[in-house]
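The structure appears right after this line, and notes come after that.
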Amino acid sequence: MWLCSGVAHDCKRIVIPYTTFDSYKDCSLYGYQHTVDILTKMPEEEIEKWQIHTRFSCIEEKTI
């Protein structure tokens with residue numbers, strides 16, 4: 001997951017626990033909920049000042 005600033009046009013990788021999912025939907029919901037958790041804890045002034053947002057992707061991994 002990446003924490004990004006629309007003002008600085010930059011993203012920094014943030015560490016979240018490695019998790020596997022049974023579906024793409026579960027992964028997406030996890031990413032969005034994690035975003036809500038992060039933004040809820042940040043001061044609103046900082047979010048507005050830096051236009052803070054997150055980026056994440058759900059990538060299928062092949063298992064043997």
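Within each chain, counting starts at residue 1; across the structure tokens, chains are named A, B, ... in the order shown, with ligands numbered 1 upward in that order.
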
(request) Enumerate, as a list in words, the complete set of residues in chain A that a backbone-based DSSP assignment places in helix (DSSP H, G or I). (result) Tyr24, Lys25, Asp26, Cys27, Ser28, Leu29, Tyr30, Gly31, Tyr32, Gln33, His34, Thr35, Val36, Asp37, Ile38, Leu39, Thr40, Lys41, Glu44, Glu45, Glu46, Ile47, Glu48, Lys49 and Trp50 of chain A

(request) Fewer than 6 positions away in the same chain doesn't count, so skip those; otherwise give me all residues within 10 Å of A:Ser57, counting only C-alpha atoms, as a PyMOL selection string. (result) chain A and resi 1-2+24+27-28+31

(message) Taking 3 positions as the minimum chain separation for residues in the same chain, which residues sit within 12 Å of stretch 39-47 of chain A when counting only C-alpha atoms? Answer as a PyMOL selection string.
(response) chain A and resi 3-7+32-36+50-54

Those selected residues, please, written with C-alpha atoms and delivered as a JSON list (two decimals), in the first residue's frame.
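And here's again.json as it stands now:
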```json
[["chain", "number", "residue", "atom", "x", "y", "z"],
["A", 3, "LEU", "CA", 0.38, 6.75, 1.06],
["A", 4, "CYS", "CA", 0.32, 9.58, -1.47],
["A", 5, "SER", "CA", 0.23, 13.36, -1.62],
["A", 6, "GLY", "CA", -1.57, 15.02, -4.50],
["A", 7, "VAL", "CA", 0.30, 18.26, -3.74],
["A", 32, "TYR", "CA", -10.40, 0.36, 1.30],
["A", 33, "GLN", "CA", -11.03, -0.38, 4.98],
["A", 34, "HIS", "CA", -7.34, 0.03, 5.72],
["A", 35, "THR", "CA", -7.51, 3.39, 3.92],
["A", 36, "VAL", "CA", -10.45, 4.45, 6.09],
["A", 50, "TRP", "CA", -1.39, 17.59, 1.28],
["A", 51, "GLN", "CA", -4.36, 15.98, -0.53],
["A", 52, "ILE", "CA", -3.57, 12.65, 1.11],
["A", 53, "HIS", "CA", -4.84, 9.44, -0.48],
["A", 54, "THR", "CA", -3.76, 5.82, -0.76]]
```

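Atom CA of A:Lys25 lies 15.1 Å from atom CA of A:Glu61.
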
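Distance-wise, atom CA of A:Phe21 and atom CA of A:Ile38 end up 20.6 Å apart.
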
(message) Using only C-alpha atoms for the distances, tell me which of A:Cys58, A:Ala8, A:Lys49, A:Ile64 is nearest to A:Thr20.
(response) A:Cys58

(request) Figure out the distance between atom CA of A:Asp10 and atom CA of A:Asp37, please, to one decimal in Å. (result) 20.7 Å

(message) Let me make sure I understand: among A:Ile16, A:Glu48, A:Phe56, A:His9, which one has the smallest atom-to-atom distance to A:Leu29 if we use only C-alpha atoms?
(response) A:Phe56
